[in-house]
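Working notes for the structure below.
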There are 2 protein chains.
Amino acid sequence: MLTLYYAPHTISLATHIVLEEVGADYSTVRIDFSKTQQRSPEYLKVNPKGRMPALVTDRGILTETPAMLVYVAQSFPKAGLAPTDDPFFFAQIQSFNAWLCSHLHVAHAHRMRGYRWVDADDAHSIAAMQRKVPQSVGESFAMIEREMLRGPWVMGERYTICDPYLFTLAQWLEADGVDPMAIPRVIDHRGRMAERATVRKAIAQQLA
Amino acid sequence: MLTLYYAPHTISLATHIVLEEVGADYSTVRIDFSKTQQRSPEYLKVNPKGRMPALVTDRGILTETPAMLVYVAQSFPKAGLAPTDDPFFFAQIQSFNAWLCSHLHVAHAHRMRGYRWVDADDAHSIAAMQRKVPQSVGESFAMIEREMLRGPWVMGERYTICDPYLFTLAQWLEADGVDPMAIPRVIDHRGRMAERATVRKAIAQQLA
């Protein structure tokens, strides 16, 4: 049994979708950011980092989306979402996901979470970071558009854990000020993802 | 045959050490940041992202350290640096490495590469980011010290790909303004790593 701690409108949706895709038996616990529950003593016992998401397993608790995605995929190998019989293909999946977590998601975070990297009361710098987000997030998506997204899925014909991860981050690009017209293949991928029953179900659960 | 594109004093050292650890047959190509070779047309053909490192393999080119580390480890399974027979243990390795690439390394990058997230001519914001680095990098190391580093190696008794990765980032903590006295277990780990012949050889090659 797996339990996903999540908050709506966070990167937790990626793991939620993959749990649906593999047909896992899982439950969810919603964390309310408006009440700062991610910093509550109860949640810090689950994830000392105070961030979303976390996955409680029979073996222990996992955090960090790239790790959780691979773990769920490998726990349900028949779904084939992160094949390990080909180390190079697996490495390409890993490389894509590392770009999302260390580059695209980080660029996005400068819009709402600038206080991580400058003093929270430094209004000038906080605003300066926000102004750069359309460019930095846009360039990160442009790299995906141009060099990384094979189509129809991220890794080509094969649907993998990369797809829900990209889809989740692509939810936020308009709010980040990125022009959708500049990245038509990413938008096309997002539309294709939104039609999947698993994706609709995960989103409905998170927003319920 | 593997070819590592690297630059001294970058995260490329982590993969370099792992290549030594597994006994790989590999060559290296040095990229000179002082001449902005990472943005040269020649290098952009290797890695369109214009960043270090990149690993040329018989199957194609890989980028992103977490992916490269796993690929090298899985290509030389006898070395056992990223065992895949236990999905949970592997996920814990992945989780640790994701923290390094998306949190610790990102915090560090705000000291020298603030132009990624604000306009390069905004001296106030660039300086504001630099001032926060001792705190943000320090907190990231404190989380490792307190919650993640098991000892003697990152994952406990077993030496894994997490160790060269942490070691490489720990090279920079004094320059980032982090107090080594606050993280004695990280410093102890760094010292233990520095004694390894493989680590010395990789460093010597990079600085030659």
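In the structure tokens, the first chain shown is A, the next is B, and so on; residue numbers restart at 1 for each chain, and ligands run from 1 in the order shown.
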
Leaving out region 145-153 of chain A and any residue of its chain fewer than 5 positions from it, which residues lie within 7 Å of it when counting only C-alpha atoms, given as an NGL selection string?
-> :A and (158-159 or 163 or 183 or 185-186 or 189)

Same residues, all heavy atoms, output as an mmCIF file, in the first residue's frame:
data_model
loop_
_atom_site.group_PDB
_atom_site.id
_atom_site.type_symbol
_atom_site.label_atom_id
_atom_site.label_comp_id
_atom_site.auth_asym_id
_atom_site.auth_seq_id
_atom_site.Cartn_x
_atom_site.Cartn_y
_atom_site.Cartn_z
ATOM 1 N N ARG A 158 7.109 5.554 -27.033
ATOM 2 C CA ARG A 158 6.858 4.908 -25.736
ATOM 3 C C ARG A 158 6.496 5.931 -24.662
ATOM 4 O O ARG A 158 7.249 6.860 -24.406
ATOM 5 C CB ARG A 158 8.113 4.137 -25.321
ATOM 6 C CG ARG A 158 7.911 3.348 -24.058
ATOM 7 C CD ARG A 158 8.856 2.178 -24.011
ATOM 8 N NE ARG A 158 8.535 1.291 -22.907
ATOM 9 C CZ ARG A 158 9.103 0.121 -22.723
ATOM 10 N NH1 ARG A 158 10.012 -0.299 -23.580
ATOM 11 N NH2 ARG A 158 8.769 -0.630 -21.697
ATOM 12 N N TYR A 159 5.363 5.726 -24.037
ATOM 13 C CA TYR A 159 4.920 6.567 -22.928
ATOM 14 C C TYR A 159 5.715 6.185 -21.676
ATOM 15 O O TYR A 159 5.831 4.999 -21.355
ATOM 16 C CB TYR A 159 3.424 6.320 -22.698
ATOM 17 C CG TYR A 159 2.783 7.161 -21.628
ATOM 18 C CD1 TYR A 159 2.204 8.392 -21.946
ATOM 19 C CD2 TYR A 159 2.728 6.722 -20.311
ATOM 20 C CE1 TYR A 159 1.595 9.165 -20.960
ATOM 21 C CE2 TYR A 159 2.129 7.494 -19.327
ATOM 22 C CZ TYR A 159 1.562 8.708 -19.658
ATOM 23 O OH TYR A 159 0.959 9.467 -18.691
ATOM 24 N N ASP A 163 6.410 11.774 -19.170
ATOM 25 C CA ASP A 163 5.229 12.464 -19.696
ATOM 26 C C ASP A 163 4.385 13.126 -18.611
ATOM 27 O O ASP A 163 4.061 14.307 -18.730
ATOM 28 C CB ASP A 163 4.426 11.487 -20.562
ATOM 29 C CG ASP A 163 5.221 11.082 -21.801
ATOM 30 O OD1 ASP A 163 5.511 11.957 -22.631
ATOM 31 O OD2 ASP A 163 5.599 9.904 -21.908
ATOM 32 N N ILE A 183 6.027 27.345 -28.273
ATOM 33 C CA ILE A 183 6.376 25.950 -27.963
ATOM 34 C C ILE A 183 5.212 25.024 -28.340
ATOM 35 O O ILE A 183 4.642 24.325 -27.488
ATOM 36 C CB ILE A 183 6.750 25.791 -26.468
ATOM 37 C CG1 ILE A 183 5.726 26.492 -25.558
ATOM 38 C CG2 ILE A 183 8.151 26.328 -26.202
ATOM 39 C CD1 ILE A 183 5.938 26.217 -24.068
ATOM 40 N N ARG A 185 4.927 22.162 -29.786
ATOM 41 C CA ARG A 185 5.009 20.717 -29.539
ATOM 42 C C ARG A 185 4.770 20.402 -28.064
ATOM 43 O O ARG A 185 4.190 19.377 -27.727
ATOM 44 C CB ARG A 185 6.355 20.172 -30.022
ATOM 45 C CG ARG A 185 6.537 20.402 -31.550
ATOM 46 C CD ARG A 185 7.907 19.968 -32.049
ATOM 47 N NE ARG A 185 8.079 18.539 -31.886
ATOM 48 C CZ ARG A 185 9.007 17.975 -31.115
ATOM 49 N NH1 ARG A 185 9.869 18.741 -30.461
ATOM 50 N NH2 ARG A 185 9.087 16.681 -30.999
ATOM 51 N N VAL A 186 5.234 21.289 -27.180
ATOM 52 C CA VAL A 186 4.954 21.107 -25.746
ATOM 53 C C VAL A 186 3.448 21.245 -25.494
ATOM 54 O O VAL A 186 2.853 20.460 -24.740
ATOM 55 C CB VAL A 186 5.739 22.140 -24.905
ATOM 56 C CG1 VAL A 186 5.267 22.136 -23.454
ATOM 57 C CG2 VAL A 186 7.240 21.881 -24.985
ATOM 58 N N HIS A 189 1.666 18.199 -26.710
ATOM 59 C CA HIS A 189 1.856 17.113 -25.738
ATOM 60 C C HIS A 189 0.933 17.300 -24.543
ATOM 61 O O HIS A 189 0.299 16.348 -24.068
ATOM 62 C CB HIS A 189 3.323 17.082 -25.295
ATOM 63 C CG HIS A 189 3.627 16.072 -24.230
ATOM 64 N ND1 HIS A 189 3.558 16.362 -22.874
ATOM 65 C CD2 HIS A 189 3.988 14.765 -24.307
ATOM 66 C CE1 HIS A 189 3.876 15.286 -22.183
ATOM 67 N NE2 HIS A 189 4.143 14.306 -23.026
#

For the contact check between chain B and chain A, emit one row per residue of chain B within 8 Å, containing the shortest atom pair and the distance in Å rounded to one decimal, counting only C-alpha atoms, chain then rising number order, as JSON lines.
{"residue": "B:Pro48", "atom": "CA", "partner": "A:Glu147", "partner_atom": "CA", "distance": 7.6}
{"residue": "B:Lys49", "atom": "CA", "partner": "A:Met143", "partner_atom": "CA", "distance": 7.5}
{"residue": "B:Arg59", "atom": "CA", "partner": "A:Phe88", "partner_atom": "CA", "distance": 7.1}
{"residue": "B:Leu62", "atom": "CA", "partner": "A:Gln92", "partner_atom": "CA", "distance": 7.0}
{"residue": "B:Thr63", "atom": "CA", "partner": "A:Ser95", "partner_atom": "CA", "distance": 6.2}
{"residue": "B:Glu64", "atom": "CA", "partner": "A:Ser95", "partner_atom": "CA", "distance": 5.4}
{"residue": "B:Thr65", "atom": "CA", "partner": "A:Ser95", "partner_atom": "CA", "distance": 7.9}
{"residue": "B:Pro66", "atom": "CA", "partner": "A:Ala98", "partner_atom": "CA", "distance": 6.9}
{"residue": "B:Ala67", "atom": "CA", "partner": "A:Gln94", "partner_atom": "CA", "distance": 5.0}
{"residue": "B:Met68", "atom": "CA", "partner": "A:Ala91", "partner_atom": "CA", "distance": 6.9}
{"residue": "B:Val70", "atom": "CA", "partner": "A:Ala91", "partner_atom": "CA", "distance": 7.0}
{"residue": "B:Tyr71", "atom": "CA", "partner": "A:Ala91", "partner_atom": "CA", "distance": 5.7}
{"residue": "B:Gln74", "atom": "CA", "partner": "A:Pro87", "partner_atom": "CA", "distance": 6.5}
{"residue": "B:Ser75", "atom": "CA", "partner": "A:Pro87", "partner_atom": "CA", "distance": 7.1}
{"residue": "B:Pro87", "atom": "CA", "partner": "A:Tyr71", "partner_atom": "CA", "distance": 6.2}
{"residue": "B:Phe88", "atom": "CA", "partner": "A:Tyr71", "partner_atom": "CA", "distance": 6.7}
{"residue": "B:Ala91", "atom": "CA", "partner": "A:Ala67", "partner_atom": "CA", "distance": 5.1}
{"residue": "B:Gln92", "atom": "CA", "partner": "A:Leu62", "partner_atom": "CA", "distance": 7.0}
{"residue": "B:Gln94", "atom": "CA", "partner": "A:Ala67", "partner_atom": "CA", "distance": 5.0}
{"residue": "B:Ser95", "atom": "CA", "partner": "A:Ala67", "partner_atom": "CA", "distance": 5.0}
{"residue": "B:Ala98", "atom": "CA", "partner": "A:Glu64", "partner_atom": "CA", "distance": 6.3}
{"residue": "B:Trp99", "atom": "CA", "partner": "A:Glu64", "partner_atom": "CA", "distance": 7.1}
{"residue": "B:Cys101", "atom": "CA", "partner": "A:Ser102", "partner_atom": "CA", "distance": 5.7}
{"residue": "B:Ser102", "atom": "CA", "partner": "A:Ser102", "partner_atom": "CA", "distance": 4.1}
{"residue": "B:His103", "atom": "CA", "partner": "A:Ser102", "partner_atom": "CA", "distance": 7.6}
{"residue": "B:Val106", "atom": "CA", "partner": "A:Ser102", "partner_atom": "CA", "distance": 7.2}
{"residue": "B:Ala107", "atom": "CA", "partner": "A:Trp117", "partner_atom": "CA", "distance": 7.0}
{"residue": "B:His110", "atom": "CA", "partner": "A:Trp117", "partner_atom": "CA", "distance": 7.3}
{"residue": "B:Arg116", "atom": "CA", "partner": "A:Ser136", "partner_atom": "CA", "distance": 7.0}
{"residue": "B:Trp117", "atom": "CA", "partner": "A:Met129", "partner_atom": "CA", "distance": 5.7}
{"residue": "B:Val118", "atom": "CA", "partner": "A:Met129", "partner_atom": "CA", "distance": 5.1}
{"residue": "B:Asp119", "atom": "CA", "partner": "A:Lys132", "partner_atom": "CA", "distance": 6.9}
{"residue": "B:His124", "atom": "CA", "partner": "A:Ser125", "partner_atom": "CA", "distance": 7.2}
{"residue": "B:Ser125", "atom": "CA", "partner": "A:Ser125", "partner_atom": "CA", "distance": 4.7}
{"residue": "B:Ala128", "atom": "CA", "partner": "A:Val118", "partner_atom": "CA", "distance": 5.7}
{"residue": "B:Met129", "atom": "CA", "partner": "A:Val118", "partner_atom": "CA", "distance": 5.1}
{"residue": "B:Arg131", "atom": "CA", "partner": "A:Val118", "partner_atom": "CA", "distance": 7.5}
{"residue": "B:Lys132", "atom": "CA", "partner": "A:Val118", "partner_atom": "CA", "distance": 5.5}
{"residue": "B:Val133", "atom": "CA", "partner": "A:Trp117", "partner_atom": "CA", "distance": 7.2}
{"residue": "B:Ser136", "atom": "CA", "partner": "A:Trp117", "partner_atom": "CA", "distance": 6.8}
{"residue": "B:Met143", "atom": "CA", "partner": "A:Lys49", "partner_atom": "CA", "distance": 7.5}
{"residue": "B:Glu147", "atom": "CA", "partner": "A:Pro48", "partner_atom": "CA", "distance": 7.6}

Would you return as a PyMOL selection string the members of region 1-196 of chain B that DSSP assigns to strand (DSSP E) on this structure's backbone?
-> chain B and resi 2-6+26-30+54-56+61-63

Those residues with N, CA, C and O atoms, as a PDB file, in the first residue's frame please?
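Wrote it out as part.pdb, contents follow:
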ATOM      1  N   LEU B   2      33.932   5.515 -23.510  1.00  0.00           N
ATOM      2  CA  LEU B   2      33.200   6.681 -23.018  1.00  0.00           C
ATOM      3  C   LEU B   2      34.117   7.894 -23.071  1.00  0.00           C
ATOM      4  O   LEU B   2      35.315   7.785 -22.806  1.00  0.00           O
ATOM      5  N   THR B   3      33.544   9.052 -23.404  1.00  0.00           N
ATOM      6  CA  THR B   3      34.304  10.295 -23.401  1.00  0.00           C
ATOM      7  C   THR B   3      33.582  11.315 -22.531  1.00  0.00           C
ATOM      8  O   THR B   3      32.416  11.637 -22.787  1.00  0.00           O
ATOM      9  N   LEU B   4      34.283  11.797 -21.527  1.00  0.00           N
ATOM     10  CA  LEU B   4      33.708  12.794 -20.616  1.00  0.00           C
ATOM     11  C   LEU B   4      34.181  14.185 -21.003  1.00  0.00           C
ATOM     12  O   LEU B   4      35.395  14.452 -21.017  1.00  0.00           O
ATOM     13  N   TYR B   5      33.264  15.052 -21.329  1.00  0.00           N
ATOM     14  CA  TYR B   5      33.559  16.474 -21.480  1.00  0.00           C
ATOM     15  C   TYR B   5      33.449  17.103 -20.104  1.00  0.00           C
ATOM     16  O   TYR B   5      32.407  16.967 -19.447  1.00  0.00           O
ATOM     17  N   TYR B   6      34.507  17.775 -19.683  1.00  0.00           N
ATOM     18  CA  TYR B   6      34.525  18.296 -18.320  1.00  0.00           C
ATOM     19  C   TYR B   6      35.174  19.668 -18.291  1.00  0.00           C
ATOM     20  O   TYR B   6      35.860  20.084 -19.237  1.00  0.00           O
ATOM     21  N   TYR B  26      37.951   5.110 -20.564  1.00  0.00           N
ATOM     22  CA  TYR B  26      37.348   6.390 -20.963  1.00  0.00           C
ATOM     23  C   TYR B  26      38.425   7.399 -21.320  1.00  0.00           C
ATOM     24  O   TYR B  26      39.580   7.256 -20.930  1.00  0.00           O
ATOM     25  N   SER B  27      38.008   8.392 -22.077  1.00  0.00           N
ATOM     26  CA  SER B  27      38.890   9.525 -22.351  1.00  0.00           C
ATOM     27  C   SER B  27      38.187  10.797 -21.892  1.00  0.00           C
ATOM     28  O   SER B  27      36.998  10.769 -21.561  1.00  0.00           O
ATOM     29  N   THR B  28      38.925  11.882 -21.857  1.00  0.00           N
ATOM     30  CA  THR B  28      38.344  13.142 -21.402  1.00  0.00           C
ATOM     31  C   THR B  28      38.645  14.259 -22.393  1.00  0.00           C
ATOM     32  O   THR B  28      39.644  14.208 -23.113  1.00  0.00           O
ATOM     33  N   VAL B  29      37.761  15.222 -22.435  1.00  0.00           N
ATOM     34  CA  VAL B  29      37.971  16.444 -23.216  1.00  0.00           C
ATOM     35  C   VAL B  29      37.723  17.611 -22.280  1.00  0.00           C
ATOM     36  O   VAL B  29      36.640  17.725 -21.696  1.00  0.00           O
ATOM     37  N   ARG B  30      38.732  18.472 -22.130  1.00  0.00           N
ATOM     38  CA  ARG B  30      38.583  19.612 -21.237  1.00  0.00           C
ATOM     39  C   ARG B  30      37.957  20.795 -21.986  1.00  0.00           C
ATOM     40  O   ARG B  30      38.355  21.110 -23.100  1.00  0.00           O
ATOM     41  N   ALA B  54      29.200  16.442 -20.128  1.00  0.00           N
ATOM     42  CA  ALA B  54      28.489  15.596 -21.083  1.00  0.00           C
ATOM     43  C   ALA B  54      29.288  14.304 -21.225  1.00  0.00           C
ATOM     44  O   ALA B  54      30.504  14.304 -21.084  1.00  0.00           O
ATOM     45  N   LEU B  55      28.578  13.241 -21.491  1.00  0.00           N
ATOM     46  CA  LEU B  55      29.214  11.935 -21.621  1.00  0.00           C
ATOM     47  C   LEU B  55      28.847  11.344 -22.975  1.00  0.00           C
ATOM     48  O   LEU B  55      27.668  11.107 -23.258  1.00  0.00           O
ATOM     49  N   VAL B  56      29.864  11.144 -23.809  1.00  0.00           N
ATOM     50  CA  VAL B  56      29.638  10.561 -25.127  1.00  0.00           C
ATOM     51  C   VAL B  56      29.769   9.043 -24.996  1.00  0.00           C
ATOM     52  O   VAL B  56      30.795   8.545 -24.517  1.00  0.00           O
ATOM     53  N   ILE B  61      24.745  10.688 -26.678  1.00  0.00           N
ATOM     54  CA  ILE B  61      25.319  11.598 -25.684  1.00  0.00           C
ATOM     55  C   ILE B  61      24.354  11.773 -24.519  1.00  0.00           C
ATOM     56  O   ILE B  61      23.151  11.953 -24.715  1.00  0.00           O
ATOM     57  N   LEU B  62      24.913  11.717 -23.323  1.00  0.00           N
ATOM     58  CA  LEU B  62      24.115  11.937 -22.112  1.00  0.00           C
ATOM     59  C   LEU B  62      24.540  13.219 -21.422  1.00  0.00           C
ATOM     60  O   LEU B  62      25.737  13.535 -21.375  1.00  0.00           O
ATOM     61  N   THR B  63      23.558  13.904 -20.839  1.00  0.00           N
ATOM     62  CA  THR B  63      23.834  15.046 -19.979  1.00  0.00           C
ATOM     63  C   THR B  63      23.032  14.890 -18.691  1.00  0.00           C
ATOM     64  O   THR B  63      22.160  14.030 -18.603  1.00  0.00           O
TER      65      THR B  63
END

With only C-alpha atoms as the basis for distance, which of A:Met181, A:Met1, A:Leu19, A:Ile31 is at the shortest distance from Tyr43 (chain A)?
-> A:Ile31

Find the residues near Pro180 (chain A): any atom within 12 Å, counting only C-alpha atoms, skip ones fewer than 4 places away on the same chain, and give them as an mmCIF file with N, CA and C atoms, in the first residue's frame.
data_model
loop_
_atom_site.group_PDB
_atom_site.id
_atom_site.type_symbol
_atom_site.label_atom_id
_atom_site.label_comp_id
_atom_site.auth_asym_id
_atom_site.auth_seq_id
_atom_site.Cartn_x
_atom_site.Cartn_y
_atom_site.Cartn_z
ATOM 1 N N PRO A 134 9.444 34.708 -17.139
ATOM 2 C CA PRO A 134 9.014 34.379 -18.506
ATOM 3 C C PRO A 134 10.186 33.962 -19.398
ATOM 4 N N VAL A 137 11.972 30.429 -17.673
ATOM 5 C CA VAL A 137 11.092 29.270 -17.883
ATOM 6 C C VAL A 137 10.892 29.047 -19.381
ATOM 7 N N GLY A 138 10.754 30.149 -20.119
ATOM 8 C CA GLY A 138 10.571 30.032 -21.565
ATOM 9 C C GLY A 138 11.747 29.352 -22.232
ATOM 10 N N PHE A 141 11.666 25.604 -21.485
ATOM 11 C CA PHE A 141 10.694 24.924 -22.355
ATOM 12 C C PHE A 141 11.174 24.894 -23.805
ATOM 13 N N ALA A 142 11.837 25.963 -24.246
ATOM 14 C CA ALA A 142 12.320 25.998 -25.630
ATOM 15 C C ALA A 142 13.343 24.892 -25.875
ATOM 16 N N GLU A 145 11.339 21.810 -26.275
ATOM 17 C CA GLU A 145 10.672 21.860 -27.586
ATOM 18 C C GLU A 145 11.629 21.479 -28.717
ATOM 19 N N ALA A 170 3.947 21.846 -17.302
ATOM 20 C CA ALA A 170 3.351 22.622 -18.398
ATOM 21 C C ALA A 170 2.007 23.230 -18.011
ATOM 22 N N GLN A 171 1.451 22.795 -16.873
ATOM 23 C CA GLN A 171 0.219 23.421 -16.369
ATOM 24 C C GLN A 171 0.423 24.895 -16.039
ATOM 25 N N TRP A 172 1.656 25.247 -15.737
ATOM 26 C CA TRP A 172 1.928 26.557 -15.133
ATOM 27 C C TRP A 172 2.546 27.563 -16.104
ATOM 28 N N LEU A 173 2.732 27.180 -17.339
ATOM 29 C CA LEU A 173 3.557 28.039 -18.217
ATOM 30 C C LEU A 173 2.889 29.355 -18.572
ATOM 31 N N GLU A 174 1.570 29.368 -18.730
ATOM 32 C CA GLU A 174 0.913 30.648 -19.009
ATOM 33 C C GLU A 174 1.046 31.589 -17.807
ATOM 34 N N ALA A 175 0.843 31.062 -16.614
ATOM 35 C CA ALA A 175 0.990 31.902 -15.413
ATOM 36 C C ALA A 175 2.425 32.383 -15.248
ATOM 37 N N ASP A 176 3.372 31.622 -15.790
ATOM 38 C CA ASP A 176 4.781 32.039 -15.746
ATOM 39 C C ASP A 176 5.107 33.057 -16.838
ATOM 40 N N PRO A 184 4.893 24.986 -29.634
ATOM 41 C CA PRO A 184 3.692 24.251 -30.067
ATOM 42 C C PRO A 184 3.745 22.755 -29.761
ATOM 43 N N ARG A 185 4.927 22.162 -29.786
ATOM 44 C CA ARG A 185 5.009 20.717 -29.539
ATOM 45 C C ARG A 185 4.770 20.402 -28.064
ATOM 46 N N VAL A 186 5.234 21.289 -27.180
ATOM 47 C CA VAL A 186 4.954 21.107 -25.746
ATOM 48 C C VAL A 186 3.448 21.245 -25.494
ATOM 49 N N ILE A 187 2.837 22.217 -26.144
ATOM 50 C CA ILE A 187 1.392 22.436 -25.968
ATOM 51 C C ILE A 187 0.602 21.252 -26.528
ATOM 52 N N ASP A 188 1.046 20.743 -27.652
ATOM 53 C CA ASP A 188 0.408 19.575 -28.249
ATOM 54 C C ASP A 188 0.494 18.374 -27.293
ATOM 55 N N HIS A 189 1.666 18.199 -26.710
ATOM 56 C CA HIS A 189 1.856 17.113 -25.738
ATOM 57 C C HIS A 189 0.933 17.300 -24.543
ATOM 58 N N ARG A 190 0.835 18.531 -24.080
ATOM 59 C CA ARG A 190 -0.034 18.813 -22.923
ATOM 60 C C ARG A 190 -1.492 18.452 -23.238
ATOM 61 N N GLY A 191 -1.916 18.798 -24.445
ATOM 62 C CA GLY A 191 -3.283 18.479 -24.835
ATOM 63 C C GLY A 191 -3.531 16.974 -24.909
#

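CA of Thr10 (chain A) to CA of Pro41 (chain A) spans 20.5 Å [interatomic distance, one decimal].
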
Using only C-alpha atoms: which of B:Asp121, B:Phe33, B:Gly177, B:Arg200 has the shortest distance to Pro164 (chain B) |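 Distance minimum relative to Pro164 (chain B) lands on B:Arg200.
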
Looking only at alpha helix (DSSP H) from DSSP on the backbone, list the matching residues of region 46-117 of chain B as a PyMOL selection string.
-> chain B and resi 46+65-75+87-99+105-112

Polymer residues at most 9 Å from region 76-80 of chain A, only C-alpha atoms, same-chain spacing of 6 or more positions, as a list in words =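 Contacts, with the query itself left out: Glu21, Val22, Gly23, Ala24, Arg158, Tyr159 and Thr160 of chain A.
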
If you keep N, CA, C and O atoms, can you produce a file of those selected residues as a CSV table (one decimal), in the first residue's frame?
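After the write, part-v4.csv holds the following:
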chain,number,residue,atom,x,y,z
A,21,GLU,N,-1.6,5.5,-13.6
A,21,GLU,CA,-1.2,4.8,-14.8
A,21,GLU,C,-0.8,3.4,-14.5
A,21,GLU,O,-1.1,2.5,-15.4
A,22,VAL,N,-0.2,3.1,-13.4
A,22,VAL,CA,0.3,1.7,-13.2
A,22,VAL,C,-0.8,0.9,-12.5
A,22,VAL,O,-0.6,-0.3,-12.3
A,23,GLY,N,-1.9,1.5,-12.1
A,23,GLY,CA,-3.0,0.8,-11.4
A,23,GLY,C,-2.6,0.5,-10.0
A,23,GLY,O,-3.0,-0.6,-9.5
A,24,ALA,N,-1.9,1.3,-9.3
A,24,ALA,CA,-1.5,1.0,-7.9
A,24,ALA,C,-2.6,1.1,-7.0
A,24,ALA,O,-3.6,1.9,-7.2
A,158,ARG,N,7.1,5.6,-27.0
A,158,ARG,CA,6.9,4.9,-25.7
A,158,ARG,C,6.5,5.9,-24.7
A,158,ARG,O,7.2,6.9,-24.4
A,159,TYR,N,5.4,5.7,-24.0
A,159,TYR,CA,4.9,6.6,-22.9
A,159,TYR,C,5.7,6.2,-21.7
A,159,TYR,O,5.8,5.0,-21.4
A,160,THR,N,6.3,7.2,-21.0
A,160,THR,CA,7.1,6.9,-19.8
A,160,THR,C,6.8,7.9,-18.7
A,160,THR,O,5.9,8.7,-18.8

For CA of Ala82 (chain A) and CA of Cys162 (chain B), the interatomic separation in Å (one decimal) | 20.8 Å

What does the distance between CA of Asp32 (chain A) and CA of Met52 (chain A) come to in Å, to one decimal place?
->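 So the answer is 10.6 Å.
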
List the neighbours of Ala204 (chain A) out to 12 Å using only C-alpha atoms; skip same-chain residues closer than 4 positions along the sequence, and give me the result as a list of chain:residue names.
->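 Residues near the query, excluding close chain neighbours: A:Pro8, A:His9, A:Leu13, A:His16, A:Ile17, A:Glu20, A:Ala194, A:Ala197, A:Thr198, A:Val199, A:Arg200, A:Ala208.
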